[in-house]
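Colleague: Sharing entry_0.csv, CSV, C-alpha atoms and all ligand atoms:
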chain,number,residue,atom,x,y,z
A,95,MET,CA,-18.9,-11.7,151.5
A,96,LYS,CA,-17.2,-13.4,154.4
A,97,PHE,CA,-14.7,-16.1,153.3
A,98,LYS,CA,-15.7,-19.6,154.3
A,99,HIS,CA,-14.9,-23.1,153.0
A,100,PRO,CA,-17.3,-25.7,154.2
A,101,LEU,CA,-16.6,-29.4,154.1
A,102,MET,CA,-19.5,-30.1,151.7
A,103,HIS,CA,-21.2,-28.2,149.0
A,104,ASN,CA,-24.6,-28.6,147.5
A,105,ASN,CA,-24.2,-31.7,145.4
A,106,PHE,CA,-27.6,-31.5,143.6
A,107,THR,CA,-28.3,-29.9,140.3
A,108,ASN,CA,-31.6,-28.4,139.1
A,109,GLN,CA,-31.7,-31.3,136.6
A,110,ASP,CA,-31.8,-33.7,139.5
A,111,PHE,CA,-34.9,-32.0,140.9
A,112,VAL,CA,-36.5,-31.8,137.4
A,113,LYS,CA,-36.2,-35.6,137.1
A,114,VAL,CA,-37.6,-36.1,140.6
A,115,ARG,CA,-40.6,-33.9,139.8
A,116,GLU,CA,-41.2,-35.8,136.5
A,117,LEU,CA,-41.2,-39.0,138.5
A,118,LEU,CA,-43.7,-37.6,141.1
A,119,LYS,CA,-46.0,-36.5,138.3
A,120,LYS,CA,-46.4,-40.0,136.9
A,121,LYS,CA,-49.7,-41.7,137.3
A,122,ASN,CA,-49.9,-44.7,139.7
A,123,ILE,CA,-46.3,-44.2,140.7
A,124,ILE,CA,-44.4,-46.6,142.8
A,125,LEU,CA,-41.8,-45.0,145.0
A,126,THR,CA,-40.4,-48.0,146.8
A,127,GLN,CA,-37.7,-50.1,145.0
A,128,SER,CA,-38.9,-50.6,141.4
A,129,SER,CA,-38.0,-49.9,137.7
A,130,GLN,CA,-35.9,-46.7,138.4
A,131,VAL,CA,-33.7,-48.7,140.8
A,132,GLU,CA,-33.2,-51.4,138.2
A,133,LYS,CA,-32.4,-48.7,135.6
A,134,PHE,CA,-29.9,-47.1,137.9
A,135,GLU,CA,-28.2,-50.4,138.7
A,136,LYS,CA,-27.8,-51.2,135.0
A,137,SER,CA,-26.4,-47.7,134.2
A,138,TRP,CA,-24.0,-47.9,137.2
A,139,SER,CA,-22.8,-51.4,136.1
A,140,LYS,CA,-22.1,-50.0,132.6
A,141,TRP,CA,-20.3,-46.9,134.0
A,142,LEU,CA,-18.1,-49.1,136.2
A,143,GLY,CA,-17.6,-52.0,133.8
A,144,VAL,CA,-19.0,-54.8,135.9
A,145,LYS,CA,-21.9,-57.2,135.1
A,146,TYR,CA,-24.1,-56.7,138.2
A,147,SER,CA,-24.9,-54.0,140.7
A,148,THR,CA,-27.3,-53.9,143.7
A,149,PHE,CA,-28.5,-50.5,144.9
A,150,VAL,CA,-28.9,-50.3,148.7
A,151,ASN,CA,-29.7,-47.6,151.2
A,152,SER,CA,-26.1,-46.8,152.2
A,153,GLY,CA,-22.4,-47.6,151.7
A,154,SER,CA,-22.4,-49.2,155.2
A,155,SER,CA,-25.2,-51.5,154.1
A,156,ALA,CA,-23.2,-52.4,151.0
A,157,ASN,CA,-20.2,-53.3,153.4
A,158,PHE,CA,-22.4,-55.3,155.7
A,159,ILE,CA,-24.1,-57.3,152.9
A,160,THR,CA,-20.8,-58.0,151.2
A,161,ILE,CA,-19.2,-59.5,154.3
A,162,SER,CA,-22.4,-61.4,155.0
A,163,ILE,CA,-22.1,-62.9,151.5
A,164,LEU,CA,-18.5,-64.1,152.3
A,165,LYS,CA,-19.9,-65.7,155.4
A,166,ILE,CA,-22.7,-67.5,153.5
A,167,LEU,CA,-20.2,-68.8,150.8
A,168,ASN,CA,-17.4,-69.7,153.1
A,169,LYS,CA,-17.3,-73.5,153.3
A,170,ASN,CA,-14.3,-73.6,155.8
A,171,PRO,CA,-15.1,-72.1,159.2
A,172,SER,CA,-11.5,-72.1,160.2
A,173,ARG,CA,-10.9,-69.5,157.5
A,174,ASN,CA,-12.2,-66.7,159.7
A,175,GLU,CA,-9.7,-63.9,159.4
A,176,ILE,CA,-10.2,-60.8,157.2
A,177,ILE,CA,-7.3,-58.4,156.8
A,178,VAL,CA,-8.4,-54.8,157.2
A,179,PRO,CA,-6.7,-51.3,157.2
A,180,THR,CA,-6.4,-49.3,160.4
A,181,LEU,CA,-7.6,-46.3,158.5
A,182,THR,CA,-11.1,-46.9,157.1
A,183,TRP,CA,-14.7,-46.1,157.8
A,184,VAL,CA,-16.2,-47.8,160.9
A,185,SER,CA,-18.8,-49.8,158.9
A,186,ASP,CA,-16.0,-51.8,157.1
A,187,LEU,CA,-14.9,-53.1,160.5
A,188,ASN,CA,-18.3,-53.5,162.0
A,189,SER,CA,-19.3,-55.6,159.0
A,190,VAL,CA,-16.4,-57.9,159.7
A,191,ILE,CA,-17.1,-58.2,163.4
A,192,MET,CA,-20.9,-58.4,163.2
A,193,ASN,CA,-20.5,-61.3,160.7
A,194,GLY,CA,-18.3,-63.2,163.2
A,195,PHE,CA,-15.0,-62.7,161.5
A,196,LYS,CA,-11.7,-61.7,163.1
A,197,PRO,CA,-10.3,-58.4,161.7
A,198,VAL,CA,-6.5,-58.5,161.3
A,199,PHE,CA,-5.1,-55.0,161.1
A,200,VAL,CA,-2.3,-53.5,159.1
A,201,ASP,CA,-0.8,-50.0,158.9
A,202,ILE,CA,-1.3,-47.7,156.0
A,203,ASN,CA,1.0,-45.9,153.6
A,204,LEU,CA,1.1,-42.1,153.8
A,205,SER,CA,1.4,-41.9,150.0
A,206,ASN,CA,-2.1,-43.4,149.3
A,207,LEU,CA,-3.7,-43.7,152.8
A,208,SER,CA,-4.4,-47.3,151.9
A,209,MET,CA,-3.1,-50.6,153.3
A,210,ASP,CA,0.7,-51.3,153.6
A,211,ILE,CA,0.8,-54.2,151.1
A,212,ASN,CA,4.0,-55.7,152.6
A,213,GLN,CA,2.2,-55.9,155.9
A,214,VAL,CA,-0.9,-57.4,154.3
A,215,LEU,CA,1.3,-60.1,152.7
A,216,LYS,CA,3.0,-60.9,156.0
A,217,LYS,CA,-0.3,-61.3,157.8
A,218,ILE,CA,-1.7,-63.9,155.3
A,219,ASN,CA,-2.0,-67.4,156.8
A,220,LYS,CA,-4.2,-70.4,156.3
A,221,LYS,CA,-7.0,-68.7,158.3
A,222,THR,CA,-7.1,-65.7,155.9
A,223,LEU,CA,-10.4,-65.6,154.0
A,224,ALA,CA,-10.2,-62.2,152.5
A,225,VAL,CA,-8.4,-58.8,152.2
A,226,PHE,CA,-10.9,-55.9,152.6
A,227,ILE,CA,-9.1,-53.0,151.1
A,228,THR,CA,-10.3,-49.4,151.4
A,229,HIS,CA,-9.3,-47.0,148.6
A,230,ALA,CA,-9.2,-44.0,150.9
A,231,GLN,CA,-9.9,-40.4,149.9
A,232,GLY,CA,-9.6,-40.9,146.2
A,233,PHE,CA,-6.3,-42.9,146.0
A,234,ASN,CA,-5.7,-46.3,144.5
A,235,GLY,CA,-4.6,-48.8,147.1
A,236,LEU,CA,-3.8,-51.7,144.7
A,237,ASN,CA,-0.6,-53.0,143.2
A,238,ASP,CA,0.3,-56.0,141.0
A,239,ASN,CA,2.1,-57.8,143.8
A,240,LEU,CA,-1.0,-57.8,146.0
A,241,LEU,CA,-3.3,-58.9,143.1
A,242,ASN,CA,-0.9,-61.7,142.1
A,243,GLN,CA,-0.4,-63.0,145.6
A,244,LEU,CA,-4.1,-63.1,146.4
A,245,LYS,CA,-4.9,-64.9,143.2
A,246,LYS,CA,-2.1,-67.4,143.8
A,247,LYS,CA,-3.2,-68.0,147.4
A,248,LYS,CA,-7.0,-68.0,146.5
A,249,ILE,CA,-7.8,-65.2,148.9
A,250,HIS,CA,-10.7,-63.0,148.1
A,251,LEU,CA,-10.2,-59.3,147.5
A,252,ILE,CA,-13.0,-57.0,148.5
A,253,GLU,CA,-12.8,-53.4,147.5
A,254,ASP,CA,-14.3,-50.5,149.4
A,255,VAL,CA,-14.5,-47.7,146.8
A,256,CYS,CA,-16.9,-45.5,148.7
A,257,GLU,CA,-14.4,-42.7,148.8
A,258,SER,CA,-12.7,-43.2,145.5
A,259,TYR,CA,-15.0,-43.9,142.6
A,260,GLY,CA,-13.6,-42.9,139.3
A,261,ALA,CA,-10.1,-43.5,140.6
A,262,LYS,CA,-8.1,-46.1,138.6
A,263,PHE,CA,-5.4,-48.8,138.8
A,264,LYS,CA,-3.6,-49.2,135.4
A,265,LYS,CA,-6.3,-47.2,133.7
A,266,LYS,CA,-9.1,-49.5,134.9
A,267,LYS,CA,-11.7,-48.2,137.4
A,268,LEU,CA,-11.3,-49.3,141.0
A,269,GLY,CA,-14.2,-51.7,141.9
A,270,ASN,CA,-13.2,-54.0,139.0
A,271,PHE,CA,-10.5,-55.9,140.8
A,272,GLY,CA,-12.2,-57.5,143.8
A,273,LEU,CA,-14.7,-60.3,144.0
A,274,ILE,CA,-17.1,-57.7,145.3
A,275,SER,CA,-16.8,-53.9,145.4
A,276,ASN,CA,-18.8,-51.3,147.5
A,277,PHE,CA,-19.8,-47.7,146.8
A,278,SER,CA,-21.5,-45.0,148.8
A,279,PHE,CA,-23.7,-42.2,147.5
A,280,TYR,CA,-23.8,-40.3,150.7
A,281,TYR,CA,-24.2,-36.5,150.2
A,282,ALA,CA,-20.6,-35.6,150.6
A,283,HIS,CA,-19.2,-38.2,148.2
A,284,HIS,CA,-18.3,-38.0,144.4
A,285,MET,CA,-22.0,-38.2,143.6
A,286,THR,CA,-25.1,-38.6,145.7
A,287,THR,CA,-28.5,-40.3,145.9
A,288,ILE,CA,-29.2,-38.5,149.2
A,289,GLU,CA,-28.3,-41.7,151.0
A,290,GLY,CA,-27.3,-44.9,149.1
A,291,GLY,CA,-24.8,-47.5,148.3
A,292,MET,CA,-23.9,-50.1,145.6
A,293,ILE,CA,-22.7,-53.6,145.7
A,294,CYS,CA,-20.9,-54.6,142.5
A,295,THR,CA,-19.7,-58.0,141.2
A,296,ASN,CA,-19.2,-60.1,138.0
A,297,ASP,CA,-20.5,-63.2,139.8
A,298,LYS,CA,-24.1,-64.0,139.2
A,299,LYS,CA,-24.6,-66.1,142.4
A,300,ILE,CA,-23.2,-63.3,144.5
A,301,TYR,CA,-25.4,-60.8,142.8
A,302,GLU,CA,-28.5,-63.0,143.5
A,303,ILE,CA,-27.5,-63.4,147.2
A,304,SER,CA,-26.9,-59.6,147.5
A,305,LYS,CA,-30.5,-59.0,146.3
A,306,MET,CA,-31.9,-61.5,148.8
A,307,LEU,CA,-29.8,-60.0,151.6
A,308,ARG,CA,-31.0,-56.5,150.7
A,309,SER,CA,-34.6,-57.5,151.2
A,310,HIS,CA,-35.2,-59.7,154.2
A,311,GLY,CA,-33.4,-62.7,152.8
A,312,MET,CA,-36.4,-63.5,150.6
A,313,VAL,CA,-35.9,-66.1,147.9
A,314,ARG,CA,-38.1,-64.4,145.3
A,315,GLU,CA,-35.8,-61.3,145.4
A,316,SER,CA,-33.1,-63.4,143.7
A,317,LYS,CA,-35.2,-63.4,140.5
A,318,ASN,CA,-33.6,-66.8,139.9
A,319,LYS,CA,-36.5,-69.0,138.8
A,320,ILE,CA,-34.6,-72.3,139.3
A,321,LEU,CA,-33.6,-71.3,142.8
A,322,GLU,CA,-37.1,-70.3,143.6
A,323,SER,CA,-38.8,-73.5,142.4
A,324,THR,CA,-36.1,-75.6,144.2
A,325,MET,CA,-36.9,-73.8,147.4
A,326,ILE,CA,-40.7,-74.0,146.9
A,327,THR,CA,-40.3,-77.8,146.4
A,328,LYS,CA,-37.9,-78.1,149.4
A,329,TYR,CA,-40.1,-76.0,151.8
A,330,LYS,CA,-43.6,-77.3,150.9
A,331,ASN,CA,-45.2,-75.9,154.1
A,332,LEU,CA,-44.1,-72.3,153.4
A,333,SER,CA,-46.0,-69.7,151.5
A,334,GLN,CA,-44.3,-69.6,148.1
A,335,LYS,CA,-43.8,-65.9,148.2
A,336,PHE,CA,-42.5,-65.8,151.7
A,337,ILE,CA,-39.4,-68.1,151.9
A,338,PHE,CA,-36.7,-66.4,154.0
A,339,LEU,CA,-33.4,-68.0,153.2
A,340,TYR,CA,-30.9,-65.9,155.1
A,341,PRO,CA,-31.0,-63.8,158.3
A,342,THR,CA,-30.8,-60.1,157.4
A,343,LEU,CA,-32.8,-56.9,157.4
A,344,ASN,CA,-34.3,-54.5,154.9
A,345,PHE,CA,-31.5,-52.5,153.2
A,346,ARG,CA,-33.5,-51.3,150.1
A,347,ASN,CA,-33.3,-47.9,148.5
A,348,ASN,CA,-36.2,-46.3,146.6
A,349,GLU,CA,-37.2,-44.7,143.3
A,350,ILE,CA,-36.4,-41.1,144.2
A,351,GLY,CA,-32.8,-42.1,145.2
A,352,ALA,CA,-32.4,-44.0,141.9
A,353,THR,CA,-33.8,-41.1,139.9
A,354,ILE,CA,-31.3,-38.7,141.5
A,355,GLY,CA,-28.6,-41.3,141.0
A,356,LEU,CA,-29.3,-41.6,137.2
A,357,SER,CA,-29.3,-37.9,136.9
A,358,GLN,CA,-26.1,-37.4,138.9
A,359,LEU,CA,-24.3,-40.2,137.1
A,360,LYS,CA,-24.5,-38.1,133.9
A,361,ASN,CA,-22.2,-35.6,135.4
A,362,LEU,CA,-19.9,-37.9,137.3
A,363,ASP,CA,-17.0,-38.1,134.9
A,364,LYS,CA,-17.1,-34.3,134.2
A,365,ASN,CA,-17.1,-33.5,137.9
A,366,ASN,CA,-14.4,-36.1,138.7
A,367,HIS,CA,-12.2,-34.5,136.1
A,368,LYS,CA,-12.6,-31.1,137.8
A,369,ARG,CA,-11.9,-32.6,141.2
A,370,ILE,CA,-8.7,-34.2,139.9
A,371,ASN,CA,-7.5,-30.8,138.5
A,372,ASN,CA,-8.4,-29.0,141.7
A,373,PHE,CA,-6.4,-31.4,143.8
A,374,LEU,CA,-3.3,-31.1,141.5
A,375,PHE,CA,-3.6,-27.4,141.7
A,376,PHE,CA,-3.9,-27.5,145.5
A,377,LEU,CA,-0.9,-29.8,145.9
A,378,LYS,CA,1.2,-27.5,143.7
A,379,LYS,CA,0.4,-24.6,145.9
A,380,ILE,CA,0.8,-25.9,149.4
A,381,ASP,CA,4.1,-25.6,151.2
A,382,SER,CA,5.8,-29.0,151.0
A,383,LYS,CA,8.0,-28.1,154.0
A,384,LYS,CA,4.9,-27.9,156.2
A,385,TYR,CA,2.6,-30.5,154.6
A,386,PHE,CA,3.1,-33.9,153.2
A,387,THR,CA,2.8,-33.7,149.4
A,388,GLU,CA,4.3,-37.0,148.1
A,389,PHE,CA,1.0,-38.7,147.3
A,390,ASP,CA,0.8,-41.4,144.8
A,391,LEU,CA,-1.4,-39.6,142.3
A,392,ASP,CA,-1.5,-42.2,139.5
A,393,GLY,CA,-5.2,-42.8,138.8
A,394,SER,CA,-6.3,-40.8,141.8
A,395,CYS,CA,-9.7,-39.0,142.0
A,396,ASN,CA,-10.1,-37.1,145.3
A,397,TYR,CA,-13.4,-35.7,146.6
A,398,ALA,CA,-11.5,-34.0,149.4
A,399,PHE,CA,-8.1,-32.3,149.9
A,400,PRO,CA,-6.1,-34.5,152.3
A,401,ILE,CA,-3.7,-32.4,154.5
A,402,ILE,CA,-1.1,-34.2,156.5
A,403,LEU,CA,1.1,-32.0,158.8
A,404,LYS,CA,4.8,-32.8,158.9
A,405,THR,CA,5.1,-31.6,162.4
A,406,LYS,CA,4.7,-34.2,165.2
A,407,ASN,CA,4.1,-31.5,167.8
A,408,LEU,CA,0.6,-31.5,169.3
A,409,LYS,CA,0.8,-27.8,170.4
A,410,LYS,CA,1.5,-26.8,166.8
A,411,ARG,CA,-1.3,-29.1,165.7
A,412,ASP,CA,-3.7,-27.3,168.0
A,413,LYS,CA,-2.5,-24.0,166.7
A,414,PHE,CA,-3.2,-25.2,163.1
A,415,GLU,CA,-6.7,-26.2,164.0
A,416,LYS,CA,-7.5,-22.8,165.7
A,417,TYR,CA,-6.1,-21.0,162.6
A,418,LEU,CA,-8.3,-23.0,160.3
A,419,GLN,CA,-11.4,-22.3,162.5
A,420,LYS,CA,-10.5,-18.6,162.6
A,421,ASN,CA,-10.4,-18.6,158.8
A,422,ASN,CA,-13.7,-20.5,158.5
A,423,ILE,CA,-12.1,-23.6,156.8
A,424,GLU,CA,-14.1,-26.6,157.9
A,425,PHE,CA,-12.0,-29.7,158.5
A,426,ARG,CA,-12.0,-33.2,159.8
A,427,ARG,CA,-9.1,-34.7,161.7
A,428,GLY,CA,-8.0,-38.3,161.1
A,429,ASN,CA,-8.5,-38.3,157.3
A,430,ALA,CA,-10.9,-41.1,156.4
A,431,GLY,CA,-13.1,-42.0,159.3
A,432,GLY,CA,-11.4,-40.3,162.2
A,433,GLY,CA,-8.0,-41.9,162.2
A,434,ASN,CA,-6.8,-45.0,163.8
A,435,GLN,CA,-9.8,-47.3,164.2
A,436,LEU,CA,-7.9,-49.4,166.8
A,437,ARG,CA,-8.3,-46.4,169.2
A,438,GLN,CA,-12.1,-46.4,169.0
A,439,PRO,CA,-14.2,-47.8,171.9
A,440,TYR,CA,-16.4,-50.1,169.7
A,441,ILE,CA,-13.4,-52.2,168.7
A,442,LYS,CA,-11.8,-52.8,172.1
A,443,LYS,CA,-14.0,-55.7,173.0
A,444,PHE,CA,-12.9,-57.6,169.9
A,445,ILE,CA,-9.2,-56.6,169.5
A,446,LYS,CA,-6.8,-56.1,172.4
A,447,ILE,CA,-4.0,-54.1,170.7
A,448,LYS,CA,-2.7,-51.4,173.0
A,449,ASN,CA,0.7,-50.9,171.5
A,450,PHE,CA,0.1,-48.6,168.5
A,451,SER,CA,3.8,-48.1,167.6
A,452,LYS,CA,3.5,-50.9,165.0
A,453,PHE,CA,1.0,-48.7,163.2
A,454,LYS,CA,3.1,-45.6,162.9
A,455,ASN,CA,1.6,-44.1,159.7
A,456,VAL,CA,-2.0,-44.3,160.8
A,457,GLU,CA,-0.9,-42.9,164.2
A,458,HIS,CA,0.5,-39.9,162.4
A,459,VAL,CA,-2.7,-39.4,160.4
A,460,HIS,CA,-4.7,-39.9,163.6
A,461,PHE,CA,-3.1,-36.9,165.2
A,462,PHE,CA,-1.9,-34.8,162.3
A,463,GLY,CA,-4.0,-35.8,159.3
A,464,TYR,CA,-7.0,-33.8,158.0
A,465,TYR,CA,-9.2,-33.3,155.0
A,466,ILE,CA,-11.1,-30.3,153.7
A,467,GLY,CA,-13.7,-30.0,150.9
A,468,ASN,CA,-12.9,-30.3,147.2
A,469,TYR,CA,-15.9,-29.7,145.0
A,470,PRO,CA,-16.2,-29.6,141.2
A,471,ASP,CA,-17.2,-25.9,141.2
A,472,LEU,CA,-14.4,-24.7,143.4
A,473,PRO,CA,-12.7,-21.8,141.6
A,474,LYS,CA,-8.9,-21.6,141.3
A,475,GLU,CA,-8.9,-18.3,143.2
A,476,LYS,CA,-10.6,-19.9,146.1
A,477,ILE,CA,-8.0,-22.8,146.2
A,478,THR,CA,-5.3,-20.2,146.1
A,479,LYS,CA,-6.8,-18.4,149.0
A,480,ILE,CA,-7.1,-21.6,151.0
A,481,THR,CA,-3.5,-22.6,150.3
A,482,ASN,CA,-2.3,-19.0,151.1
A,483,ILE,CA,-4.0,-19.4,154.5
A,484,LEU,CA,-2.4,-22.9,155.0
A,485,ASN,CA,1.0,-21.6,154.0
A,486,SER,CA,0.9,-18.6,156.2
A,487,ILE,CA,0.6,-20.6,159.4
A,488,SER,CA,4.0,-20.6,161.2
A,489,PHE,CA,4.9,-24.0,162.7
B,1,LIG,C1,-14.6,-45.9,153.1
B,1,LIG,C2,-16.1,-45.9,153.4
B,1,LIG,N1,-16.8,-47.0,153.5
B,1,LIG,C3,-18.1,-47.0,153.8
B,1,LIG,C4,-18.7,-45.8,154.1
B,1,LIG,C5,-20.2,-45.8,154.5
B,1,LIG,O1,-21.0,-45.2,153.6
B,1,LIG,P1,-22.4,-44.5,154.1
B,1,LIG,O2,-22.1,-43.3,154.8
B,1,LIG,O3,-23.1,-44.3,152.8
B,1,LIG,O4,-23.0,-45.6,154.9
B,1,LIG,C6,-18.0,-44.6,154.1
B,1,LIG,C7,-18.7,-43.3,154.4
B,1,LIG,O5,-18.4,-42.3,154.3
B,1,LIG,C8,-16.7,-44.6,153.7
B,1,LIG,O6,-16.0,-43.5,153.7
Show how you would write the structure in this file as structure tokens.
Ligand SMILES: Cc1ncc(COP(=O)(O)O)c(C=O)c1O

Modeller:
Amino acid sequence: MKFKHPLMHNNFTNQDFVKVRELLKKKNIILTQSSQVEKFEKSWSKWLGVKYSTFVNSGSSANFITISILKILNKNPSRNEIIVPTLTWVSDLNSVIMNGFKPVFVDINLSNLSMDINQVLKKINKKTLAVFITHAQGFNGLNDNLLNQLKKKKIHLIEDVCESYGAKFKKKKLGNFGLISNFSFYYAHHMTTIEGGMICTNDKKIYEISKMLRSHGMVRESKNKILESTMITKYKNLSQKFIFLYPTLNFRNNEIGATIGLSQLKNLDKNNHKRINNFLFFLKKIDSKKYFTEFDLDGSCNYAFPIILKTKNLKKRDKFEKYLQKNNIEFRRGNAGGGNQLRQPYIKKFIKIKNFSKFKNVEHVHFFGYYIGNYPDLPKEKITKITNILNSISF
């Protein structure tokens, strides 16, 4: 059979489909958000180690609702800056912009593809409301200095863990350190619900707001009886079941997604363990003269193999891409989210940075960084074959 290494691999198991069939056979079934969703949220909270989780229809929706919550809770409008990485997914930044905040950009480290914490600390000022960290491609982006400084300065930490669930800082799962954390269950990630996302927190009020924001801003969605009766008394002329408190849309998921999520969650730790071992094996095999290998692996859990070329020569880079294409290795350039977000057209209206030399690491990743697939059932022989191909390219 012809060798090929696609970016994604079928993430579903037969058991997932058995569970969906069982659901569909039930009498009087409800398929919109209902008991399965609640069950999945409880199981996810238990797996992560947080009190509350809200299941939504994507990781992007989780991002958007999270930053909307910051807006709702922010009592000081002059605190309108959110520090963000230059390497992240587009929805992290759109959530910031669409909620009227100013994104303040910092470069990344090559060792974990996450924010350069020294730059974060330098950018903090009295307008800073939050730091929105992305734990990119399975690496932990936190350190003690960041956590201590944010606590001291009373600045919120928001964690985007969409690409890194199962990864840990000091043996504790990422997603436990921020005021709110976000996850994505898109097909290509550590586990899937087809499409889906999760908003996690230990704060009851935030949890209740997240449930309202998920569903038209409706007060009854909070399931807080005191809030509900207060609003009913306050808004006597409104239909009691239709009090819309916040402007938002419908970001709900459904019972099929939750059923798949419950089934997938059972295999998550086992699969993550395999992915970690795959990545270690991959790193041991690739040529460290050609590729960057000094990643910070402590607690990491990668669903992809990041490949960062050491060359800074675009012709050699193009040759590398052609070679991968010829060998049927599917790749994405720019690591998480296509590289330097400051170069994307959507951001230009909001941020006028043209000199990218201050962001030298993300610039390198933008032009010379890649990822390829790392799935739990990837055999060692195949990883060896991939690394042989990579190592045989002459730069
Ligand atoms: C870091 C990060 N945040 C958010 C998202 C958005 O997740 P979704 O695709 O589920 O909307 C992604 C998607 O890949 C991501 O990588």

Colleague: Report as a tab-separated table the residues of range 448-479 of chain A within 12 Å of range 397-402 of chain A, each with its shortest atom pair and distance in Å (one decimal), using only C-alpha atoms, ordered by chain and increasing residue number.

Modeller:
residue	atom	partner	partner_atom	distance
A:Asn455	CA	A:Ile402	CA	10.7
A:Val456	CA	A:Ile402	CA	11.0
A:Glu457	CA	A:Ile402	CA	11.6
A:His458	CA	A:Ile402	CA	8.4
A:Val459	CA	A:Ile402	CA	6.7
A:His460	CA	A:Ile402	CA	9.8
A:Phe461	CA	A:Ile402	CA	9.3
A:Phe462	CA	A:Ile402	CA	5.9
A:Gly463	CA	A:Ile402	CA	4.3
A:Tyr464	CA	A:Ile401	CA	5.0
A:Tyr465	CA	A:Pro400	CA	4.3
A:Ile466	CA	A:Phe399	CA	5.2
A:Gly467	CA	A:Ala398	CA	4.8
A:Asn468	CA	A:Ala398	CA	4.5
A:Tyr469	CA	A:Tyr397	CA	6.7
A:Pro470	CA	A:Tyr397	CA	8.6
A:Asp471	CA	A:Tyr397	CA	11.8
A:Leu472	CA	A:Ala398	CA	11.4
A:Ile477	CA	A:Phe399	CA	10.2

Colleague: Residues of chain A that have any atom at most 10 Å from an atom of ligand LIG 1 (chain B): could you tabulate them with the shortest-distance atom pair and the distance in Å to one decimal, using all atoms listed in the file, ordered by chain and increasing number, as a tab-separated table?

Modeller:
residue	atom	partner	partner_atom	distance
A:Val150	CA	B:LIG1	O3	9.3
A:Asn151	CA	B:LIG1	O3	7.6
A:Ser152	CA	B:LIG1	O3	4.0
A:Gly153	CA	B:LIG1	O1	3.4
A:Ser154	CA	B:LIG1	O4	3.7
A:Ser155	CA	B:LIG1	O4	6.3
A:Ala156	CA	B:LIG1	O4	7.8
A:Asn157	CA	B:LIG1	C3	6.7
A:Phe158	CA	B:LIG1	C3	9.5
A:Leu181	CA	B:LIG1	C1	8.8
A:Thr182	CA	B:LIG1	C1	5.4
A:Trp183	CA	B:LIG1	C2	4.6
A:Val184	CA	B:LIG1	C3	7.4
A:Ser185	CA	B:LIG1	C3	5.9
A:Asp186	CA	B:LIG1	N1	6.1
A:Leu187	CA	B:LIG1	N1	9.5
A:Ile227	CA	B:LIG1	C1	9.2
A:Thr228	CA	B:LIG1	C1	5.8
A:His229	CA	B:LIG1	C1	7.0
A:Ala230	CA	B:LIG1	C1	6.1
A:Gln231	CA	B:LIG1	O6	7.8
A:Gly232	CA	B:LIG1	C1	9.9
A:Glu253	CA	B:LIG1	C1	9.5
A:Asp254	CA	B:LIG1	C1	5.9
A:Val255	CA	B:LIG1	C1	6.6
A:Cys256	CA	B:LIG1	C2	4.8
A:Glu257	CA	B:LIG1	O6	5.2
A:Ser258	CA	B:LIG1	C1	8.3
A:Asn276	CA	B:LIG1	N1	7.6
A:Phe277	CA	B:LIG1	C3	7.2
A:Ser278	CA	B:LIG1	O3	4.4
A:Phe279	CA	B:LIG1	O3	5.7
A:Tyr280	CA	B:LIG1	O3	4.6
A:Tyr281	CA	B:LIG1	O3	8.3
A:Ala282	CA	B:LIG1	O5	8.0
A:His283	CA	B:LIG1	O5	7.4
A:Thr286	CA	B:LIG1	O3	9.3
A:Thr287	CA	B:LIG1	O3	9.6
A:Ile288	CA	B:LIG1	O3	9.2
A:Glu289	CA	B:LIG1	O3	6.1
A:Gly290	CA	B:LIG1	O3	5.6
A:Gly291	CA	B:LIG1	O3	5.8
A:Met292	CA	B:LIG1	O3	9.3
A:Asn429	CA	B:LIG1	O6	9.8
A:Ala430	CA	B:LIG1	O6	6.2
A:Gly431	CA	B:LIG1	O6	6.5

Colleague: For each of A:Asn242, A:Thr148, A:Ser451, A:Thr126, take the minimum atom-to-atom distance to Arg308 in chain A, counting only C-alpha atoms, then give the residue where this is smallest.

Modeller: A:Thr148

Colleague: Kindly indicate which residue among A:Ile218, A:Ile159, A:Leu236, A:Leu207 lies nearest to Met192 in chain A, using all atoms listed in the file for the distances.

Modeller: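 Answer, going by the shortest atom-to-atom distance: A:Ile159.
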
Colleague: So what do you get for CA of Asn105 in chain A versus CA of Ile370 in chain A, distance-wise?

Modeller: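 One can read the CA of Asn105 in chain A to CA of Ile370 in chain A distance as 16.6 Å.
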
Colleague: Residues around (-24.3, -67.2, 141.8), cut-off 12 Å, counting only C-alpha atoms - what are they as a JSON list (two decimals) with C-alpha atoms, keeping the file's coordinate frame?

Modeller:
[["chain", "number", "residue", "atom", "x", "y", "z"],
["A", 146, "TYR", "CA", -24.10, -56.70, 138.20],
["A", 163, "ILE", "CA", -22.10, -62.90, 151.50],
["A", 166, "ILE", "CA", -22.70, -67.50, 153.50],
["A", 167, "LEU", "CA", -20.20, -68.80, 150.80],
["A", 295, "THR", "CA", -19.70, -58.00, 141.20],
["A", 296, "ASN", "CA", -19.20, -60.10, 138.00],
["A", 297, "ASP", "CA", -20.50, -63.20, 139.80],
["A", 298, "LYS", "CA", -24.10, -64.00, 139.20],
["A", 299, "LYS", "CA", -24.60, -66.10, 142.40],
["A", 300, "ILE", "CA", -23.20, -63.30, 144.50],
["A", 301, "TYR", "CA", -25.40, -60.80, 142.80],
["A", 302, "GLU", "CA", -28.50, -63.00, 143.50],
["A", 303, "ILE", "CA", -27.50, -63.40, 147.20],
["A", 304, "SER", "CA", -26.90, -59.60, 147.50],
["A", 305, "LYS", "CA", -30.50, -59.00, 146.30],
["A", 306, "MET", "CA", -31.90, -61.50, 148.80],
["A", 316, "SER", "CA", -33.10, -63.40, 143.70],
["A", 317, "LYS", "CA", -35.20, -63.40, 140.50],
["A", 318, "ASN", "CA", -33.60, -66.80, 139.90],
["A", 320, "ILE", "CA", -34.60, -72.30, 139.30],
["A", 321, "LEU", "CA", -33.60, -71.30, 142.80]]
